[in-house]
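upload.cif follows; it contains mmCIF, C-alpha atoms.
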```
data_data
#
loop_
_atom_site.label_atom_id
_atom_site.label_comp_id
_atom_site.auth_asym_id
_atom_site.auth_seq_id
_atom_site.Cartn_x
_atom_site.Cartn_y
_atom_site.Cartn_z
CA MET E 1 0.00 0.00 0.00
CA ASP E 2 1.57 3.32 -1.08
CA LEU E 3 1.77 6.46 1.01
CA SER E 4 -1.08 8.29 -0.76
CA THR E 5 -3.51 5.41 -0.20
CA THR E 6 -2.53 5.25 3.47
CA SER E 7 -3.10 8.99 3.83
CA VAL E 8 -6.55 8.77 2.22
CA LEU E 9 -7.57 5.91 4.50
CA ALA E 10 -6.27 7.77 7.56
CA ALA E 11 -8.19 10.89 6.52
CA LYS E 12 -11.40 8.89 6.08
CA ALA E 13 -10.93 7.22 9.46
CA TYR E 14 -10.37 10.60 11.11
CA LYS E 15 -13.46 12.01 9.38
CA TYR E 16 -15.55 9.06 10.55
CA LYS E 17 -14.35 9.47 14.14
CA ALA E 18 -15.06 13.21 14.04
CA GLU E 19 -18.58 12.67 12.69
CA SER E 20 -19.23 10.01 15.33
CA LEU E 21 -18.04 12.38 18.05
CA VAL E 22 -20.36 15.13 16.81
CA LYS E 23 -23.39 12.83 16.50
CA GLU E 24 -22.90 10.84 19.71
CA TYR E 25 -21.82 13.65 22.02
CA ILE E 26 -21.95 17.24 20.75
CA LEU E 27 -25.31 16.97 18.93
CA ALA E 28 -26.78 14.10 20.94
CA ASP E 29 -30.19 14.83 22.47
CA SER E 30 -28.73 14.86 25.97
CA TYR E 31 -25.91 17.25 25.06
CA VAL E 32 -27.40 19.51 22.39
CA SER E 33 -28.56 22.13 24.90
CA TYR E 34 -25.15 22.38 26.57
CA THR E 35 -23.47 22.56 23.17
CA ALA E 36 -25.84 25.33 22.11
CA VAL E 37 -25.21 27.40 25.26
CA LEU E 38 -21.46 27.14 24.75
CA GLY E 39 -21.96 27.98 21.07
CA GLY E 40 -23.99 31.05 22.03
CA ILE E 41 -21.22 32.31 24.31
CA LEU E 42 -18.59 31.73 21.61
CA MET E 43 -20.82 33.48 19.07
CA CYS E 44 -20.97 36.51 21.37
CA LYS E 45 -17.19 36.56 21.72
CA MET E 46 -16.69 36.36 17.95
CA ALA E 47 -19.32 39.04 17.24
CA TYR E 48 -17.78 41.35 19.86
CA ASP E 49 -14.26 40.97 18.41
CA ILE E 50 -15.41 41.27 14.78
CA THR E 51 -17.39 44.43 15.60
CA SER E 52 -14.27 45.92 17.19
CA LEU E 53 -12.08 44.95 14.22
CA ILE E 54 -14.44 46.21 11.51
CA SER E 55 -15.20 49.43 13.38
CA SER E 56 -11.50 50.23 13.87
CA LEU E 57 -10.86 49.70 10.14
CA TYR E 58 -13.86 51.49 8.62
CA TYR E 59 -14.98 54.08 11.19
CA LYS E 60 -12.42 56.78 11.90
CA GLY E 61 -14.21 57.98 15.02
CA TYR E 62 -13.94 54.59 16.73
CA GLY E 63 -10.47 55.32 18.05
CA SER E 64 -11.65 58.51 19.76
CA LEU E 65 -14.39 56.74 21.72
CA THR E 66 -13.93 56.29 25.45
CA LYS E 67 -13.32 52.86 26.92
CA ILE E 68 -16.93 52.56 28.06
CA GLN E 69 -18.23 53.76 24.68
CA LYS E 70 -16.12 51.13 22.89
CA LEU E 71 -17.45 48.49 25.27
CA GLU E 72 -21.04 49.48 24.52
CA TRP E 73 -20.32 49.84 20.78
CA ASN E 74 -19.00 46.28 20.57
CA ASN E 75 -21.71 45.00 22.90
CA ARG E 76 -24.38 46.39 20.60
CA GLY E 77 -22.74 44.72 17.62
CA MET E 78 -22.90 41.46 19.55
CA SER E 79 -26.57 41.92 20.47
CA THR E 80 -27.42 42.73 16.84
CA VAL E 81 -25.97 39.41 15.66
CA HIS E 82 -28.02 37.52 18.26
CA ALA E 83 -31.15 39.51 17.40
CA VAL E 84 -30.91 38.64 13.70
CA PHE E 85 -30.27 34.96 14.48
CA ILE E 86 -33.07 34.56 17.03
CA THR E 87 -35.59 36.59 15.00
CA VAL E 88 -35.11 34.57 11.81
CA THR E 89 -35.22 31.24 13.68
CA SER E 90 -38.20 32.22 15.86
CA VAL E 91 -40.27 33.45 12.91
CA TYR E 92 -39.51 30.22 11.05
CA LEU E 93 -40.45 27.98 13.98
CA VAL E 94 -43.63 29.88 14.91
CA PHE E 95 -45.08 30.71 11.49
CA PHE E 96 -43.46 28.51 8.83
CA SER E 97 -42.55 25.17 10.39
CA ASN E 98 -45.24 22.66 11.34
CA ILE E 99 -43.91 21.95 14.82
CA PHE E 100 -46.48 24.26 16.45
CA SER E 101 -49.27 23.71 13.93
CA ASP E 102 -52.79 23.08 15.24
CA GLN E 103 -53.19 20.44 12.54
CA LEU E 104 -50.88 18.06 14.42
CA ASP E 105 -52.13 15.79 17.16
CA GLY E 106 -51.33 16.52 20.78
CA PRO E 107 -51.10 19.74 22.81
CA VAL E 108 -49.09 22.51 21.19
CA THR E 109 -47.73 23.42 24.62
CA PHE E 110 -45.58 20.26 24.86
CA ARG E 111 -43.88 20.35 21.47
CA SER E 112 -40.17 20.78 20.91
CA SER E 113 -37.41 19.58 18.59
CA ASN E 114 -33.63 19.46 18.43
CA LEU E 115 -33.70 22.69 16.39
CA SER E 116 -35.95 24.49 18.87
CA ASN E 117 -33.83 23.32 21.83
CA PHE E 118 -30.59 24.24 20.09
CA THR E 119 -31.87 27.72 19.24
CA LEU E 120 -32.97 28.33 22.81
CA GLY E 121 -29.54 27.19 24.02
CA VAL E 122 -27.79 29.71 21.78
CA SER E 123 -30.06 32.43 23.15
CA VAL E 124 -29.26 31.35 26.72
CA GLY E 125 -25.56 31.71 25.91
CA TYR E 126 -26.18 35.23 24.65
CA PHE E 127 -28.24 36.35 27.65
CA ILE E 128 -25.64 34.94 30.06
CA THR E 129 -22.88 36.84 28.26
CA ASP E 130 -24.83 40.08 27.97
CA LEU E 131 -26.04 39.96 31.57
CA ALA E 132 -22.46 39.39 32.77
CA MET E 133 -21.30 42.43 30.79
CA ILE E 134 -24.17 44.57 32.13
CA LEU E 135 -23.34 43.65 35.73
CA TRP E 136 -19.59 44.08 35.17
CA ALA E 137 -20.00 47.60 33.74
CA TYR E 138 -23.14 48.51 35.72
CA PRO E 139 -24.85 50.87 35.08
CA SER E 140 -23.04 51.91 31.88
CA LEU E 141 -24.68 49.25 29.68
CA GLY E 142 -28.12 49.48 31.27
CA GLY E 143 -29.93 49.93 34.55
CA MET E 144 -31.98 47.62 36.70
CA GLU E 145 -34.69 47.30 34.04
CA TYR E 146 -32.17 45.57 31.75
CA VAL E 147 -31.10 43.25 34.56
CA LEU E 148 -34.77 42.37 35.21
CA HIS E 149 -35.41 41.84 31.49
CA HIS E 150 -32.44 39.49 31.12
CA MET E 151 -33.21 37.56 34.31
CA LEU E 152 -36.81 36.96 33.22
CA SER E 153 -35.62 35.94 29.76
CA LEU E 154 -33.03 33.51 31.14
CA ILE E 155 -35.43 31.83 33.57
CA SER E 156 -38.10 31.42 30.89
CA ILE E 157 -35.79 30.20 28.14
CA VAL E 158 -33.85 27.76 30.33
CA TYR E 159 -37.04 26.24 31.74
CA ALA E 160 -38.65 25.93 28.28
CA MET E 161 -35.48 24.35 26.90
CA TYR E 162 -35.13 21.67 29.59
CA SER E 163 -38.82 20.99 30.24
CA GLY E 164 -39.98 21.20 26.61
CA GLU E 165 -43.09 23.08 27.78
CA GLY E 166 -44.42 26.34 26.36
CA GLN E 167 -41.73 26.73 23.71
CA LEU E 168 -44.24 28.26 21.28
CA TYR E 169 -44.88 31.19 23.63
CA THR E 170 -41.17 31.52 24.41
CA TYR E 171 -40.47 31.95 20.71
CA MET E 172 -43.31 34.44 20.31
CA VAL E 173 -41.66 36.58 22.99
CA LEU E 174 -38.22 36.14 21.39
CA ILE E 175 -39.53 37.56 18.11
CA SER E 176 -39.55 40.89 19.94
CA GLU E 177 -35.76 40.91 19.45
CA THR E 178 -36.66 42.18 15.96
CA THR E 179 -36.43 45.70 17.36
CA THR E 180 -32.87 45.32 18.69
CA PRO E 181 -30.96 46.10 15.44
CA GLY E 182 -32.95 49.34 15.02
CA ILE E 183 -32.30 50.38 18.62
CA ASN E 184 -28.59 49.69 18.20
CA LEU E 185 -28.42 51.53 14.89
CA ARG E 186 -30.02 54.56 16.53
CA TRP E 187 -27.36 54.51 19.24
CA PHE E 188 -24.59 54.14 16.63
CA LEU E 189 -25.91 57.13 14.68
CA ASP E 190 -26.19 59.22 17.84
CA THR E 191 -22.67 58.30 18.99
CA ALA E 192 -21.28 59.04 15.51
CA GLY E 193 -22.77 62.55 15.62
CA LEU E 194 -25.46 61.85 13.01
CA LYS E 195 -28.47 62.67 15.16
CA LYS E 196 -29.62 65.33 12.69
CA SER E 197 -29.23 63.09 9.63
CA LYS E 198 -32.05 61.73 7.51
CA ALA E 199 -30.99 58.21 8.46
CA TYR E 200 -31.69 59.01 12.11
CA LEU E 201 -35.22 60.17 11.26
CA VAL E 202 -35.94 57.11 9.08
CA ASN E 203 -34.59 54.89 11.83
CA GLY E 204 -36.94 56.49 14.35
CA VAL E 205 -40.00 55.86 12.19
CA ALA E 206 -38.93 52.29 11.42
CA MET E 207 -38.25 51.59 15.09
CA PHE E 208 -41.70 52.94 16.03
CA VAL E 209 -43.40 50.58 13.57
CA ALA E 210 -41.24 47.57 14.50
CA TRP E 211 -41.80 48.13 18.21
CA LEU E 212 -45.56 48.47 17.74
CA VAL E 213 -45.76 45.21 15.77
CA ALA E 214 -43.18 43.03 17.57
CA ARG E 215 -43.53 44.22 21.17
CA ILE E 216 -47.16 45.34 21.44
CA ILE E 217 -49.39 43.70 18.82
CA LEU E 218 -47.53 40.36 18.90
CA PHE E 219 -47.88 40.20 22.68
CA VAL E 220 -51.62 40.82 22.36
CA TYR E 221 -51.75 37.93 19.87
CA LEU E 222 -49.80 35.78 22.35
CA PHE E 223 -52.46 36.26 25.03
CA TYR E 224 -55.16 35.66 22.39
CA HIS E 225 -53.48 32.34 21.52
CA ILE E 226 -53.22 31.38 25.20
CA TYR E 227 -56.93 32.10 25.70
CA PHE E 228 -58.02 29.85 22.82
CA HIS E 229 -55.59 27.08 23.83
CA TYR E 230 -56.18 27.33 27.57
CA ASP E 231 -57.29 23.68 27.76
CA GLN E 232 -53.77 22.75 26.60
CA VAL E 233 -52.02 25.42 28.65
CA LYS E 234 -53.50 24.19 31.94
CA GLN E 235 -52.03 20.72 31.32
CA MET E 236 -48.55 22.08 31.89
CA HIS E 237 -46.78 22.17 35.24
CA THR E 238 -47.71 25.00 37.58
CA PHE E 239 -44.37 26.76 37.16
CA SER E 240 -44.77 26.72 33.36
CA CYS E 241 -48.20 28.32 33.66
CA ILE E 242 -46.83 31.00 35.97
CA LEU E 243 -44.06 31.81 33.51
CA ILE E 244 -46.39 31.89 30.51
CA PHE E 245 -48.72 34.39 32.20
CA ALA E 246 -46.32 36.41 34.35
CA VAL E 247 -43.30 36.94 32.07
CA PRO E 248 -45.19 38.23 28.98
CA THR E 249 -47.33 40.44 31.24
CA ILE E 250 -44.28 42.04 32.86
CA LEU E 251 -42.50 42.41 29.52
CA LEU E 252 -45.60 43.92 27.89
CA PHE E 253 -45.77 46.47 30.69
CA MET E 254 -42.08 47.33 30.18
CA ASN E 255 -42.53 47.39 26.39
CA THR E 256 -45.44 49.79 26.72
CA MET E 257 -43.39 52.18 28.87
CA TRP E 258 -40.50 52.09 26.41
CA PHE E 259 -42.94 52.53 23.52
CA ALA E 260 -44.26 55.70 25.13
CA LYS E 261 -40.67 57.01 25.28
CA ILE E 262 -40.12 56.10 21.62
CA LEU E 263 -43.33 57.88 20.65
CA ARG E 264 -42.34 61.04 22.57
CA GLY E 265 -38.88 60.96 21.01
CA LEU E 266 -40.31 60.54 17.51
CA LYS E 267 -42.74 63.43 18.02
CA LYS E 268 -39.89 65.61 19.28
CA THR E 269 -37.71 64.74 16.28
CA LEU E 270 -40.51 65.39 13.80
CA ALA E 271 -41.33 68.70 15.46
CA LYS E 272 -37.70 69.82 15.12
CA ARG E 273 -37.71 68.81 11.44
CA GLN E 274 -40.83 70.87 10.78
#
```
Using structure tokens, write down the structure from this file.
Amino acid sequence: MDLSTTSVLAAKAYKYKAESLVKEYILADSYVSYTAVLGGILMCKMAYDITSLISSLYYKGYGSLTKIQKLEWNNRGMSTVHAVFITVTSVYLVFFSNIFSDQLDGPVTFRSSNLSNFTLGVSVGYFITDLAMILWAYPSLGGMEYVLHHMLSLISIVYAMYSGEGQLYTYMVLISETTTPGINLRWFLDTAGLKKSKAYLVNGVAMFVAWLVARIILFVYLFYHIYFHYDQVKQMHTFSCILIFAVPTILLFMNTMWFAKILRGLKKTLAKRQ
């Protein structure tokens, strides 16, 4: 047997062992959640570093930012990456996949899949990372309302991931991350001194619409769905029921307060334009 044949066989054997390792351990049902959480943390680290690298190369004002401003700048780049990922996946699972379809047999409140568990795990990794950064730099990256928001999100997502209960409603709430890129872009424009630009105005209008749809109307639809599926909801464990009713209620209250601030800010901006 010549050297080239031996190398090919060795490469195939290595590939087989690697695939077996991934299937039996990393992506096995019992390990997929832990893998996803670790993947979410690594994703945050990569997004943070890439944001810093790209900003230093293509934005001249990045070097003049303070240490805290750079921390928040990179943090917002990280949160934007997570928001895009979780929004796309949540919309797919809730509206386009058949996992939560009423046409399937069995309660919708007990359905889950490897994809849904993996996605929740990635989101857990993000919220752990972001919460750690908020506490480390407190209150520069956000006050107590952000800590409360992240704690509620973590408790709900972790419980839904490991219990398999109420994942549909967890994903409905996670769709609200749709507004995060717009919020971050508004902060970027403000920090870059472009508060009087047309882009800032367009961003304000877009953020108003996105917030109204994703954080107000969608939450109303969530409670509508719970009402018409209450016979399935009450089959869940007591803690699941508490989370499904309490967390969206608290978040809707917070969303409404923030929406009022957005509306006042938009009116103020439009008045200045006129």
Please enumerate the residues selected by the PyMOL selection byres ((chain E and resi 51) around 9) when evaluated against the supplied file, formatted as a JSON list (two decimals) with C-alpha atoms, in the frame of the given file.
```
[["chain", "number", "residue", "atom", "x", "y", "z"],
["E", 46, "MET", "CA", -16.69, 36.36, 17.95],
["E", 47, "ALA", "CA", -19.32, 39.04, 17.24],
["E", 48, "TYR", "CA", -17.78, 41.35, 19.86],
["E", 49, "ASP", "CA", -14.26, 40.97, 18.41],
["E", 50, "ILE", "CA", -15.41, 41.27, 14.78],
["E", 52, "SER", "CA", -14.27, 45.92, 17.19],
["E", 53, "LEU", "CA", -12.08, 44.95, 14.22],
["E", 54, "ILE", "CA", -14.44, 46.21, 11.51],
["E", 55, "SER", "CA", -15.20, 49.43, 13.38],
["E", 56, "SER", "CA", -11.50, 50.23, 13.87],
["E", 73, "TRP", "CA", -20.32, 49.84, 20.78],
["E", 74, "ASN", "CA", -19.00, 46.28, 20.57],
["E", 75, "ASN", "CA", -21.71, 45.00, 22.90],
["E", 76, "ARG", "CA", -24.38, 46.39, 20.60],
["E", 77, "GLY", "CA", -22.74, 44.72, 17.62],
["E", 78, "MET", "CA", -22.90, 41.46, 19.55]]
```
message = At a cut-off of 7 Å, using only C-alpha atoms, what residues contact Leu168 of chain E? Leave out same-chain residues fewer than 4 positions from it and give the result as a count of residues only.
response = 4
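Selection result for the displayed file, with the PyMOL selection byres ((chain E and resi 144-155) around 9) as criterion, is E:Ser123, E:Val124, E:Phe127, E:Ile128, E:Asp130, E:Leu131, E:Ile134, E:Leu135, E:Tyr138, E:Pro139, E:Leu141, E:Gly142, E:Gly143, E:Ser156, E:Ile157, E:Val158, E:Tyr159, E:Ala160, E:Thr170, E:Leu174, E:Leu243, E:Val247, E:Ile250, E:Leu251, E:Met254.
Atom pair atom CA of Trp136 of chain E / atom CA of Met207 of chain E has a distance of 28.4 Å (rounded to one decimal).
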task = Could you pull out every residue with an atom within 10 Å of (-37.5, 48.3, 26.6), file coordinates, counting only C-alpha atoms, and send them as a ChimeraX atom specification?
result = /E:145-146,149,179-180,183,211,215,251-259,261-262
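Rounded to one decimal, atom CA of Val205 of chain E and atom CA of Gln69 of chain E lie 25.2 Å from each other.
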query = By how many Å are atom CA of Val37 of chain E and atom CA of Ile242 of chain E apart?
reply = 24.4 Å
To box segment 209-225 of chain E, take all atoms listed in the file, fit an axis-aligned box, add 3 Å on each side, and give centre and edge lengths in Å to one decimal, as JSON.
```
{"center_x": -48.2, "center_y": 41.5, "center_z": 19.3, "size_x": 19.9, "size_y": 24.2, "size_z": 17.5}
```
task = Spell out the residues picked by the PyMOL selection byres ((chain E and resi 61) around 12) here, as a ChimeraX atom specification.
result = /E:55-60,62-66,69-70,73,188-189,191-193
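The residue that comes closest to Leu115 of chain E, out of E:Thr87, E:Thr80, E:Ser163, E:Ser97 and on the basis of all atoms listed in the file, is E:Ser97.
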key: Selected residue, from E:Val32, E:Leu71, E:Leu38, E:Leu212, that lies nearest to Met161 of chain E when counting only C-alpha atoms   = E:Val32
